[in-house]
$ cat data-v3.txt   # compact mmCIF, N, CA and C atoms
# COMPACT_ATOMS: atom_id res chain seq x y z
N MET A 1 91.89 -48.92 94.60
CA MET A 1 91.18 -50.17 94.39
C MET A 1 89.72 -49.92 94.04
N THR A 2 89.21 -48.78 94.42
CA THR A 2 87.82 -48.46 94.12
C THR A 2 87.71 -47.52 92.92
N ASP A 3 88.83 -47.22 92.29
CA ASP A 3 88.84 -46.36 91.12
C ASP A 3 88.00 -46.98 90.01
N VAL A 4 87.36 -46.15 89.20
CA VAL A 4 86.51 -46.66 88.12
C VAL A 4 87.31 -47.46 87.10
N ASP A 5 88.62 -47.21 87.00
CA ASP A 5 89.46 -47.94 86.06
C ASP A 5 90.09 -49.20 86.64
N ALA A 6 89.77 -49.50 87.89
CA ALA A 6 90.32 -50.72 88.52
C ALA A 6 89.79 -51.94 87.79
N PRO A 7 90.62 -52.98 87.64
CA PRO A 7 90.14 -54.22 87.02
C PRO A 7 88.93 -54.77 87.78
N PRO A 8 88.00 -55.40 87.08
CA PRO A 8 86.79 -55.92 87.74
C PRO A 8 87.08 -56.83 88.93
N GLU A 9 88.13 -57.66 88.82
CA GLU A 9 88.47 -58.57 89.92
C GLU A 9 88.87 -57.80 91.17
N VAL A 10 89.58 -56.71 90.97
CA VAL A 10 90.01 -55.88 92.10
C VAL A 10 88.80 -55.19 92.72
N ALA A 11 87.95 -54.64 91.88
CA ALA A 11 86.74 -53.97 92.38
C ALA A 11 85.87 -54.93 93.18
N THR A 12 85.73 -56.16 92.69
CA THR A 12 84.94 -57.17 93.40
C THR A 12 85.61 -57.53 94.72
N TRP A 13 86.93 -57.73 94.69
CA TRP A 13 87.67 -58.12 95.89
C TRP A 13 87.52 -57.06 96.98
N ILE A 14 87.63 -55.78 96.60
CA ILE A 14 87.56 -54.73 97.62
C ILE A 14 86.12 -54.55 98.11
N ARG A 15 85.16 -54.83 97.25
CA ARG A 15 83.75 -54.70 97.65
C ARG A 15 83.39 -55.80 98.65
N ILE A 16 83.91 -57.02 98.42
CA ILE A 16 83.66 -58.16 99.32
C ILE A 16 84.97 -58.46 100.03
N ARG A 17 85.48 -57.47 100.72
CA ARG A 17 86.82 -57.58 101.30
C ARG A 17 86.88 -58.58 102.45
N PRO A 18 88.07 -59.19 102.62
CA PRO A 18 88.26 -60.12 103.74
C PRO A 18 88.15 -59.39 105.07
N THR A 19 87.81 -60.14 106.09
CA THR A 19 87.60 -59.54 107.41
C THR A 19 88.87 -58.94 108.00
N TRP A 20 90.04 -59.44 107.60
CA TRP A 20 91.29 -58.92 108.15
C TRP A 20 91.67 -57.56 107.57
N LEU A 21 91.06 -57.17 106.47
CA LEU A 21 91.41 -55.91 105.81
C LEU A 21 90.72 -54.74 106.48
N GLN A 22 91.51 -53.75 106.86
CA GLN A 22 90.98 -52.53 107.45
C GLN A 22 91.13 -51.40 106.45
N VAL A 23 90.05 -50.72 106.16
CA VAL A 23 90.10 -49.55 105.28
C VAL A 23 90.14 -48.32 106.17
N ARG A 24 91.14 -47.49 105.96
CA ARG A 24 91.29 -46.30 106.78
C ARG A 24 91.23 -45.06 105.91
N GLN A 25 90.64 -44.05 106.45
CA GLN A 25 90.57 -42.75 105.78
C GLN A 25 91.58 -41.80 106.42
N ARG A 26 92.07 -40.88 105.64
CA ARG A 26 92.96 -39.86 106.21
C ARG A 26 92.18 -39.01 107.20
N ARG A 27 92.85 -38.62 108.28
CA ARG A 27 92.20 -37.78 109.29
C ARG A 27 92.19 -36.31 108.90
N THR A 28 93.18 -35.93 108.10
CA THR A 28 93.27 -34.53 107.67
C THR A 28 93.03 -34.44 106.18
N THR A 29 92.74 -33.24 105.73
CA THR A 29 92.49 -33.05 104.30
C THR A 29 93.59 -32.22 103.64
N HIS A 30 94.66 -31.94 104.40
CA HIS A 30 95.74 -31.14 103.81
C HIS A 30 96.36 -31.89 102.63
N ASP A 31 96.84 -31.14 101.68
CA ASP A 31 97.50 -31.74 100.52
C ASP A 31 98.93 -31.23 100.50
N ASP A 32 99.85 -32.10 100.18
CA ASP A 32 101.25 -31.74 100.14
C ASP A 32 101.63 -31.42 98.69
N PRO A 33 102.00 -30.18 98.40
CA PRO A 33 102.34 -29.81 97.02
C PRO A 33 103.47 -30.67 96.43
N ALA A 34 104.35 -31.18 97.27
CA ALA A 34 105.46 -32.01 96.78
C ALA A 34 104.97 -33.35 96.22
N LEU A 35 103.72 -33.71 96.50
CA LEU A 35 103.18 -34.99 96.04
C LEU A 35 102.24 -34.84 94.84
N ARG A 36 102.03 -33.64 94.38
CA ARG A 36 101.04 -33.42 93.32
C ARG A 36 101.37 -34.11 92.00
N HIS A 37 102.63 -34.44 91.79
CA HIS A 37 103.02 -35.12 90.55
C HIS A 37 102.66 -36.61 90.58
N LEU A 38 102.25 -37.11 91.73
CA LEU A 38 101.91 -38.53 91.87
C LEU A 38 100.45 -38.77 91.52
N ASP A 39 100.17 -40.01 91.21
CA ASP A 39 98.79 -40.46 91.00
C ASP A 39 98.04 -40.25 92.31
N PRO A 40 96.73 -39.95 92.25
CA PRO A 40 95.98 -39.72 93.50
C PRO A 40 96.07 -40.88 94.49
N GLY A 41 96.13 -42.12 94.01
CA GLY A 41 96.23 -43.27 94.92
C GLY A 41 97.55 -43.30 95.67
N GLU A 42 98.65 -43.06 94.96
CA GLU A 42 99.96 -43.03 95.61
C GLU A 42 100.03 -41.86 96.59
N ARG A 43 99.53 -40.71 96.16
CA ARG A 43 99.53 -39.53 97.03
C ARG A 43 98.77 -39.81 98.32
N ALA A 44 97.58 -40.36 98.20
CA ALA A 44 96.76 -40.66 99.39
C ALA A 44 97.45 -41.68 100.29
N ALA A 45 98.07 -42.69 99.68
CA ALA A 45 98.75 -43.72 100.48
C ALA A 45 99.90 -43.13 101.29
N ILE A 46 100.68 -42.25 100.67
CA ILE A 46 101.80 -41.62 101.37
C ILE A 46 101.30 -40.72 102.49
N LEU A 47 100.28 -39.92 102.21
CA LEU A 47 99.73 -39.04 103.24
C LEU A 47 99.15 -39.83 104.40
N LEU A 48 98.47 -40.94 104.11
CA LEU A 48 97.92 -41.78 105.17
C LEU A 48 99.05 -42.42 105.97
N ALA A 49 100.08 -42.89 105.28
CA ALA A 49 101.22 -43.50 105.97
C ALA A 49 101.89 -42.50 106.92
N GLN A 50 101.94 -41.24 106.52
CA GLN A 50 102.50 -40.21 107.40
C GLN A 50 101.65 -40.07 108.67
N GLU A 51 100.34 -40.12 108.51
CA GLU A 51 99.45 -39.99 109.66
C GLU A 51 99.51 -41.21 110.58
N GLU A 52 99.61 -42.40 109.99
CA GLU A 52 99.55 -43.64 110.76
C GLU A 52 100.82 -43.90 111.56
N GLY A 53 101.96 -43.52 111.03
CA GLY A 53 103.20 -43.75 111.77
C GLY A 53 103.87 -45.06 111.42
N ASP A 54 103.85 -46.02 112.31
CA ASP A 54 104.59 -47.27 112.18
C ASP A 54 103.97 -48.15 111.09
N VAL A 55 104.43 -47.98 109.84
CA VAL A 55 103.83 -48.66 108.69
C VAL A 55 104.91 -49.22 107.76
N LEU A 56 104.48 -50.09 106.91
CA LEU A 56 105.26 -50.51 105.75
C LEU A 56 104.33 -50.26 104.56
N LEU A 57 104.68 -49.31 103.73
CA LEU A 57 103.85 -48.89 102.62
C LEU A 57 104.06 -49.81 101.43
N LEU A 58 102.98 -50.38 100.94
CA LEU A 58 103.02 -51.20 99.73
C LEU A 58 102.77 -50.27 98.56
N ILE A 59 103.82 -50.03 97.74
CA ILE A 59 103.71 -49.09 96.64
C ILE A 59 104.66 -49.52 95.52
N ASP A 60 104.11 -49.69 94.33
CA ASP A 60 104.92 -50.15 93.20
C ASP A 60 105.45 -49.00 92.35
N ASP A 61 104.78 -47.89 92.35
CA ASP A 61 105.17 -46.75 91.54
C ASP A 61 106.53 -46.20 91.98
N ALA A 62 107.48 -46.10 91.03
CA ALA A 62 108.84 -45.67 91.37
C ALA A 62 108.87 -44.26 91.95
N ALA A 63 108.12 -43.35 91.38
CA ALA A 63 108.11 -41.97 91.90
C ALA A 63 107.50 -41.95 93.30
N GLY A 64 106.49 -42.75 93.52
CA GLY A 64 105.87 -42.83 94.85
C GLY A 64 106.82 -43.41 95.88
N ARG A 65 107.56 -44.47 95.51
CA ARG A 65 108.53 -45.06 96.44
C ARG A 65 109.62 -44.05 96.78
N SER A 66 110.06 -43.32 95.76
CA SER A 66 111.10 -42.32 95.97
C SER A 66 110.62 -41.24 96.94
N GLN A 67 109.40 -40.78 96.75
CA GLN A 67 108.85 -39.75 97.63
C GLN A 67 108.66 -40.29 99.05
N ALA A 68 108.19 -41.54 99.17
CA ALA A 68 108.02 -42.15 100.49
C ALA A 68 109.36 -42.20 101.21
N THR A 69 110.41 -42.55 100.49
CA THR A 69 111.75 -42.60 101.08
C THR A 69 112.17 -41.23 101.58
N ARG A 70 111.90 -40.19 100.79
CA ARG A 70 112.23 -38.83 101.21
C ARG A 70 111.52 -38.45 102.51
N TYR A 71 110.33 -39.01 102.71
CA TYR A 71 109.54 -38.72 103.91
C TYR A 71 109.85 -39.69 105.05
N GLY A 72 110.79 -40.60 104.82
CA GLY A 72 111.17 -41.55 105.86
C GLY A 72 110.16 -42.67 106.07
N ILE A 73 109.36 -42.95 105.04
CA ILE A 73 108.35 -44.00 105.14
C ILE A 73 108.91 -45.27 104.50
N PRO A 74 109.07 -46.34 105.28
CA PRO A 74 109.56 -47.59 104.68
C PRO A 74 108.51 -48.16 103.72
N SER A 75 108.99 -48.71 102.61
CA SER A 75 108.05 -49.23 101.63
C SER A 75 108.57 -50.53 101.03
N THR A 76 107.66 -51.25 100.40
CA THR A 76 107.99 -52.44 99.65
C THR A 76 107.10 -52.48 98.42
N ARG A 77 107.45 -53.35 97.50
CA ARG A 77 106.66 -53.53 96.29
C ARG A 77 105.84 -54.81 96.40
N THR A 78 104.95 -54.99 95.48
CA THR A 78 104.16 -56.21 95.42
C THR A 78 105.09 -57.42 95.37
N LEU A 79 106.16 -57.33 94.58
CA LEU A 79 107.08 -58.47 94.47
C LEU A 79 107.81 -58.72 95.79
N GLY A 80 108.02 -57.68 96.58
CA GLY A 80 108.62 -57.86 97.89
C GLY A 80 107.71 -58.66 98.81
N ILE A 81 106.42 -58.39 98.73
CA ILE A 81 105.45 -59.14 99.53
C ILE A 81 105.42 -60.60 99.08
N LEU A 82 105.41 -60.82 97.77
CA LEU A 82 105.40 -62.19 97.26
C LEU A 82 106.66 -62.94 97.66
N ARG A 83 107.80 -62.26 97.59
CA ARG A 83 109.06 -62.89 97.99
C ARG A 83 109.02 -63.28 99.46
N SER A 84 108.56 -62.38 100.32
CA SER A 84 108.48 -62.68 101.75
C SER A 84 107.55 -63.86 102.01
N ALA A 85 106.43 -63.90 101.30
CA ALA A 85 105.49 -65.01 101.46
C ALA A 85 106.12 -66.31 100.99
N ALA A 86 106.89 -66.27 99.92
CA ALA A 86 107.56 -67.48 99.42
C ALA A 86 108.61 -67.97 100.41
N VAL A 87 109.37 -67.05 100.99
CA VAL A 87 110.38 -67.41 101.98
C VAL A 87 109.73 -68.12 103.16
N ARG A 88 108.54 -67.68 103.52
CA ARG A 88 107.80 -68.29 104.64
C ARG A 88 106.97 -69.49 104.21
N GLN A 89 107.13 -69.87 102.95
CA GLN A 89 106.42 -71.01 102.35
C GLN A 89 104.90 -70.85 102.46
N LEU A 90 104.43 -69.62 102.23
CA LEU A 90 103.01 -69.34 102.26
C LEU A 90 102.38 -69.37 100.87
N LEU A 91 103.22 -69.39 99.84
CA LEU A 91 102.69 -69.46 98.48
C LEU A 91 103.72 -70.06 97.55
N ASP A 92 103.24 -70.48 96.41
CA ASP A 92 104.07 -71.01 95.33
C ASP A 92 104.46 -69.81 94.47
N LEU A 93 105.71 -69.35 94.58
CA LEU A 93 106.14 -68.13 93.91
C LEU A 93 105.99 -68.20 92.39
N PRO A 94 106.45 -69.27 91.73
CA PRO A 94 106.26 -69.31 90.27
C PRO A 94 104.79 -69.20 89.86
N ALA A 95 103.91 -69.86 90.58
CA ALA A 95 102.48 -69.78 90.25
C ALA A 95 101.95 -68.36 90.50
N ALA A 96 102.38 -67.74 91.59
CA ALA A 96 101.94 -66.37 91.90
C ALA A 96 102.43 -65.40 90.84
N LEU A 97 103.68 -65.57 90.39
CA LEU A 97 104.22 -64.69 89.36
C LEU A 97 103.51 -64.89 88.03
N LYS A 98 103.15 -66.13 87.74
CA LYS A 98 102.40 -66.42 86.51
C LYS A 98 101.02 -65.75 86.55
N SER A 99 100.37 -65.83 87.70
CA SER A 99 99.07 -65.18 87.86
C SER A 99 99.20 -63.66 87.73
N LEU A 100 100.24 -63.12 88.32
CA LEU A 100 100.47 -61.68 88.26
C LEU A 100 100.74 -61.23 86.81
N ALA A 101 101.49 -62.05 86.08
CA ALA A 101 101.80 -61.72 84.68
C ALA A 101 100.55 -61.69 83.80
N ALA A 102 99.51 -62.39 84.23
CA ALA A 102 98.27 -62.43 83.45
C ALA A 102 97.40 -61.19 83.68
N THR A 103 97.87 -60.27 84.53
CA THR A 103 97.13 -59.05 84.81
C THR A 103 97.79 -57.88 84.07
N ASN A 104 97.36 -56.68 84.39
CA ASN A 104 97.98 -55.49 83.80
C ASN A 104 99.18 -54.99 84.61
N PHE A 105 99.65 -55.80 85.54
CA PHE A 105 100.80 -55.46 86.37
C PHE A 105 102.05 -55.44 85.50
N ARG A 106 102.83 -54.36 85.62
CA ARG A 106 104.06 -54.24 84.82
C ARG A 106 105.28 -54.45 85.71
N VAL A 107 106.19 -55.29 85.22
CA VAL A 107 107.42 -55.56 85.97
C VAL A 107 108.48 -56.00 84.97
N SER A 108 109.73 -55.72 85.29
CA SER A 108 110.80 -56.11 84.37
C SER A 108 111.03 -57.62 84.45
N GLN A 109 111.38 -58.20 83.33
CA GLN A 109 111.65 -59.63 83.26
C GLN A 109 112.86 -59.99 84.13
N ASN A 110 113.83 -59.08 84.21
CA ASN A 110 115.01 -59.33 85.05
C ASN A 110 114.63 -59.53 86.51
N LEU A 111 113.69 -58.73 86.99
CA LEU A 111 113.24 -58.85 88.38
C LEU A 111 112.54 -60.19 88.60
N ILE A 112 111.72 -60.60 87.65
CA ILE A 112 111.04 -61.89 87.73
C ILE A 112 112.08 -63.02 87.79
N GLU A 113 113.07 -62.95 86.94
CA GLU A 113 114.11 -63.98 86.90
C GLU A 113 114.89 -64.04 88.22
N GLU A 114 115.17 -62.87 88.80
CA GLU A 114 115.87 -62.84 90.10
C GLU A 114 115.03 -63.53 91.18
N LEU A 115 113.73 -63.25 91.19
CA LEU A 115 112.86 -63.88 92.18
C LEU A 115 112.79 -65.39 91.98
N LEU A 116 112.75 -65.83 90.74
CA LEU A 116 112.70 -67.27 90.49
C LEU A 116 114.00 -67.96 90.91
N LYS A 117 115.13 -67.27 90.77
CA LYS A 117 116.40 -67.81 91.26
C LYS A 117 116.36 -67.97 92.77
N ILE A 118 115.80 -66.97 93.45
CA ILE A 118 115.67 -67.04 94.91
C ILE A 118 114.80 -68.23 95.28
N GLU A 119 113.70 -68.41 94.56
CA GLU A 119 112.79 -69.53 94.82
C GLU A 119 113.53 -70.86 94.67
N GLU A 120 114.35 -70.98 93.66
CA GLU A 120 115.11 -72.22 93.44
C GLU A 120 116.10 -72.45 94.58
N LEU A 121 116.77 -71.38 95.03
CA LEU A 121 117.69 -71.51 96.16
C LEU A 121 116.97 -71.93 97.43
N LEU A 122 115.78 -71.38 97.64
CA LEU A 122 114.99 -71.76 98.81
C LEU A 122 114.62 -73.23 98.78
N LYS A 123 114.25 -73.72 97.60
CA LYS A 123 113.90 -75.14 97.46
C LYS A 123 115.11 -76.02 97.73
N GLU A 124 116.26 -75.62 97.19
CA GLU A 124 117.49 -76.39 97.40
C GLU A 124 117.84 -76.42 98.89
N ASP A 125 117.72 -75.28 99.56
CA ASP A 125 118.03 -75.21 100.99
C ASP A 125 117.06 -76.08 101.79
N SER A 126 115.80 -76.04 101.43
CA SER A 126 114.80 -76.86 102.12
C SER A 126 115.10 -78.34 101.95
N GLU A 127 115.47 -78.75 100.74
CA GLU A 127 115.82 -80.15 100.49
C GLU A 127 117.06 -80.55 101.29
N ARG A 128 118.05 -79.67 101.34
CA ARG A 128 119.27 -79.94 102.10
C ARG A 128 118.95 -80.13 103.58
N ARG A 129 118.10 -79.27 104.12
CA ARG A 129 117.73 -79.37 105.53
C ARG A 129 116.98 -80.67 105.80
N ARG A 130 116.14 -81.06 104.88
CA ARG A 130 115.38 -82.30 105.04
C ARG A 130 116.32 -83.51 105.08
N ARG A 131 117.32 -83.50 104.22
CA ARG A 131 118.29 -84.61 104.18
C ARG A 131 119.11 -84.67 105.46
N VAL A 132 119.49 -83.49 105.98
CA VAL A 132 120.32 -83.42 107.18
C VAL A 132 119.54 -83.87 108.42
N THR A 133 118.29 -83.44 108.52
CA THR A 133 117.50 -83.76 109.72
C THR A 133 116.70 -85.05 109.57
N GLY A 134 116.56 -85.53 108.34
CA GLY A 134 115.71 -86.70 108.12
C GLY A 134 116.47 -87.95 108.14
$ encode --input "data-v3.txt" --output "structure tokens"
Amino acid sequence: MTDVDAPPEVATWIRIRPTWLQVRQRRTTHDDPALRHLDPGERAAILLAQEEGDVLLLIDDAAGRSQATRYGIPSTRTLGILRSAAVRQLLDLPAALKSLAATNFRVSQNLIEELLKIEELLKEDSERRRRVTG
């Protein structure tokens, strides 16, 4: 997030970070040769997750997720976080996906369509519950 190539919005967000966000540094400086093929950000995230223990690693890079799995580190993608937030009715999923699409974030259209189907099912279920209890 602090990389020189980070989008300006991200750099601003991390500079004026919310109070709930904790930035942690790795305690050790060892490097794992098995991770050298990863981007420095993914590598650092996996190494920190190993040190921290009970974590859910947010990582979109396929090679990084694969390596995290090999190390027994549970992970999710950005879309997994958005889906969970939508299930809890914390955000408007179509609007969030539209905002995400306006960035340099890359995702398959099939995955977007699957999430939108889930959103539609959630709305239908919510309406059904309202009719039953109302």
$ atom_distance --input "data-v3.txt" --atom1 "atom C of A:Leu47" --atom2 "atom N of A:Ala63"
16.2 Å
$ select_by_dssp --input "data-v3.txt" --residues "chain A" --states "strand (DSSP E or B)" --output "PyMOL selection string"
chain A and resi 57-58+75-76
$ select_by_dssp --input "data-v3.txt" --residues "stretch 22-82 of chain A" --states "helix (DSSP H, G or I)" --output "PyMOL selection string"
chain A and resi 33-35+40-52+62-70+78-82
$ atom_distance --input "data-v3.txt" --atom1 "atom C of A:Asp5" --atom2 "atom N of A:Phe105"
11.7 Å
$ closest_residue --input "data-v3.txt" --among "A:Leu56, A:Pro40, A:Thr2, A:Asp125" --to "A:Ile14" --atoms "only N, CA and C atoms"
A:Thr2
$ atom_distance --input "data-v3.txt" --atom1 "atom CA of A:Glu42" --atom2 "atom CA of A:Arg70"
14.1 Å
$ closest_atom_pairs --input "data-v3.txt" --of "stretch 55-91 of chain A" --to "stretch 107-123 of chain A" --cutoff "8 Å" --atoms "only N, CA and C atoms" --output "CSV"
residue,atom,partner,partner_atom,distance
A:Arg83,CA,A:Leu115,CA,7.0
A:Ala86,C,A:Glu119,CA,7.2
A:Val87,CA,A:Leu122,CA,7.1
$ residues_around --input "data-v3.txt" --residues "stretch 51-54 of chain A" --least-positions-apart "5" --cutoff "8 Å" --atoms "all atoms listed in the file" --output "ChimeraX atom specification"
/A:26-28,45-46,73-74
$ write_last_selection --input "data-v3.txt" --atoms "N, CA and C atoms" --output "PDB file, keeping the file's coordinate frame"
ATOM      1  N   ARG A  26      92.070 -40.880 105.640  1.00  0.00           N
ATOM      2  CA  ARG A  26      92.960 -39.860 106.210  1.00  0.00           C
ATOM      3  C   ARG A  26      92.180 -39.010 107.200  1.00  0.00           C
ATOM      4  N   ARG A  27      92.850 -38.620 108.280  1.00  0.00           N
ATOM      5  CA  ARG A  27      92.200 -37.780 109.290  1.00  0.00           C
ATOM      6  C   ARG A  27      92.190 -36.310 108.900  1.00  0.00           C
ATOM      7  N   THR A  28      93.180 -35.930 108.100  1.00  0.00           N
ATOM      8  CA  THR A  28      93.270 -34.530 107.670  1.00  0.00           C
ATOM      9  C   THR A  28      93.030 -34.440 106.180  1.00  0.00           C
ATOM     10  N   ALA A  45      98.070 -42.690  99.680  1.00  0.00           N
ATOM     11  CA  ALA A  45      98.750 -43.720 100.480  1.00  0.00           C
ATOM     12  C   ALA A  45      99.900 -43.130 101.290  1.00  0.00           C
ATOM     13  N   ILE A  46     100.680 -42.250 100.670  1.00  0.00           N
ATOM     14  CA  ILE A  46     101.800 -41.620 101.370  1.00  0.00           C
ATOM     15  C   ILE A  46     101.300 -40.720 102.490  1.00  0.00           C
ATOM     16  N   ILE A  73     109.360 -42.950 105.040  1.00  0.00           N
ATOM     17  CA  ILE A  73     108.350 -44.000 105.140  1.00  0.00           C
ATOM     18  C   ILE A  73     108.910 -45.270 104.500  1.00  0.00           C
ATOM     19  N   PRO A  74     109.070 -46.340 105.280  1.00  0.00           N
ATOM     20  CA  PRO A  74     109.560 -47.590 104.680  1.00  0.00           C
ATOM     21  C   PRO A  74     108.510 -48.160 103.720  1.00  0.00           C
TER      22      PRO A  74
END
$ decode --input "data-v3.txt" --residues "stretch 56-96 of chain A" --atoms "C-alpha atoms" --output "mmCIF file, in the first residue's frame"
data_model
loop_
_atom_site.group_PDB
_atom_site.id
_atom_site.type_symbol
_atom_site.label_atom_id
_atom_site.label_comp_id
_atom_site.auth_asym_id
_atom_site.auth_seq_id
_atom_site.Cartn_x
_atom_site.Cartn_y
_atom_site.Cartn_z
ATOM 1 C CA LEU A 56 -7.065 -14.763 7.709
ATOM 2 C CA LEU A 57 -4.756 -13.516 4.967
ATOM 3 C CA LEU A 58 -6.276 -11.160 2.402
ATOM 4 C CA ILE A 59 -4.404 -11.965 -0.807
ATOM 5 C CA ASP A 60 -5.587 -11.812 -4.406
ATOM 6 C CA ASP A 61 -2.476 -13.096 -6.159
ATOM 7 C CA ALA A 62 -3.009 -16.741 -7.219
ATOM 8 C CA ALA A 63 0.602 -17.772 -6.611
ATOM 9 C CA GLY A 64 0.516 -16.109 -3.200
ATOM 10 C CA ARG A 65 -2.734 -17.858 -2.232
ATOM 11 C CA SER A 66 -1.280 -21.167 -3.354
ATOM 12 C CA GLN A 67 1.846 -20.647 -1.265
ATOM 13 C CA ALA A 68 -0.209 -19.540 1.758
ATOM 14 C CA THR A 69 -2.219 -22.765 1.463
ATOM 15 C CA ARG A 70 0.994 -24.802 1.391
ATOM 16 C CA TYR A 71 1.996 -23.093 4.649
ATOM 17 C CA GLY A 72 -1.403 -23.763 6.219
ATOM 18 C CA ILE A 73 -2.394 -20.088 6.235
ATOM 19 C CA PRO A 74 -6.119 -19.538 5.584
ATOM 20 C CA SER A 75 -6.736 -16.836 3.016
ATOM 21 C CA THR A 76 -9.461 -14.983 1.180
ATOM 22 C CA ARG A 77 -9.626 -12.604 -1.748
ATOM 23 C CA THR A 78 -10.949 -9.083 -1.941
ATOM 24 C CA LEU A 79 -14.126 -10.484 -3.503
ATOM 25 C CA GLY A 80 -14.493 -12.858 -0.557
ATOM 26 C CA ILE A 81 -14.463 -9.897 1.818
ATOM 27 C CA LEU A 82 -17.028 -8.057 -0.308
ATOM 28 C CA ARG A 83 -19.240 -11.148 -0.453
ATOM 29 C CA SER A 84 -19.112 -11.564 3.332
ATOM 30 C CA ALA A 85 -19.954 -7.886 3.811
ATOM 31 C CA ALA A 86 -22.890 -8.206 1.397
ATOM 32 C CA VAL A 87 -24.204 -11.288 3.211
ATOM 33 C CA ARG A 88 -24.141 -9.250 6.429
ATOM 34 C CA GLN A 89 -25.849 -6.378 4.593
ATOM 35 C CA LEU A 90 -22.917 -4.062 5.273
ATOM 36 C CA LEU A 91 -22.587 -2.890 1.680
ATOM 37 C CA ASP A 92 -24.312 -2.743 -1.673
ATOM 38 C CA LEU A 93 -22.449 -5.454 -3.609
ATOM 39 C CA PRO A 94 -23.276 -4.252 -7.148
ATOM 40 C CA ALA A 95 -22.128 -0.725 -6.254
ATOM 41 C CA ALA A 96 -18.952 -2.055 -4.608
#
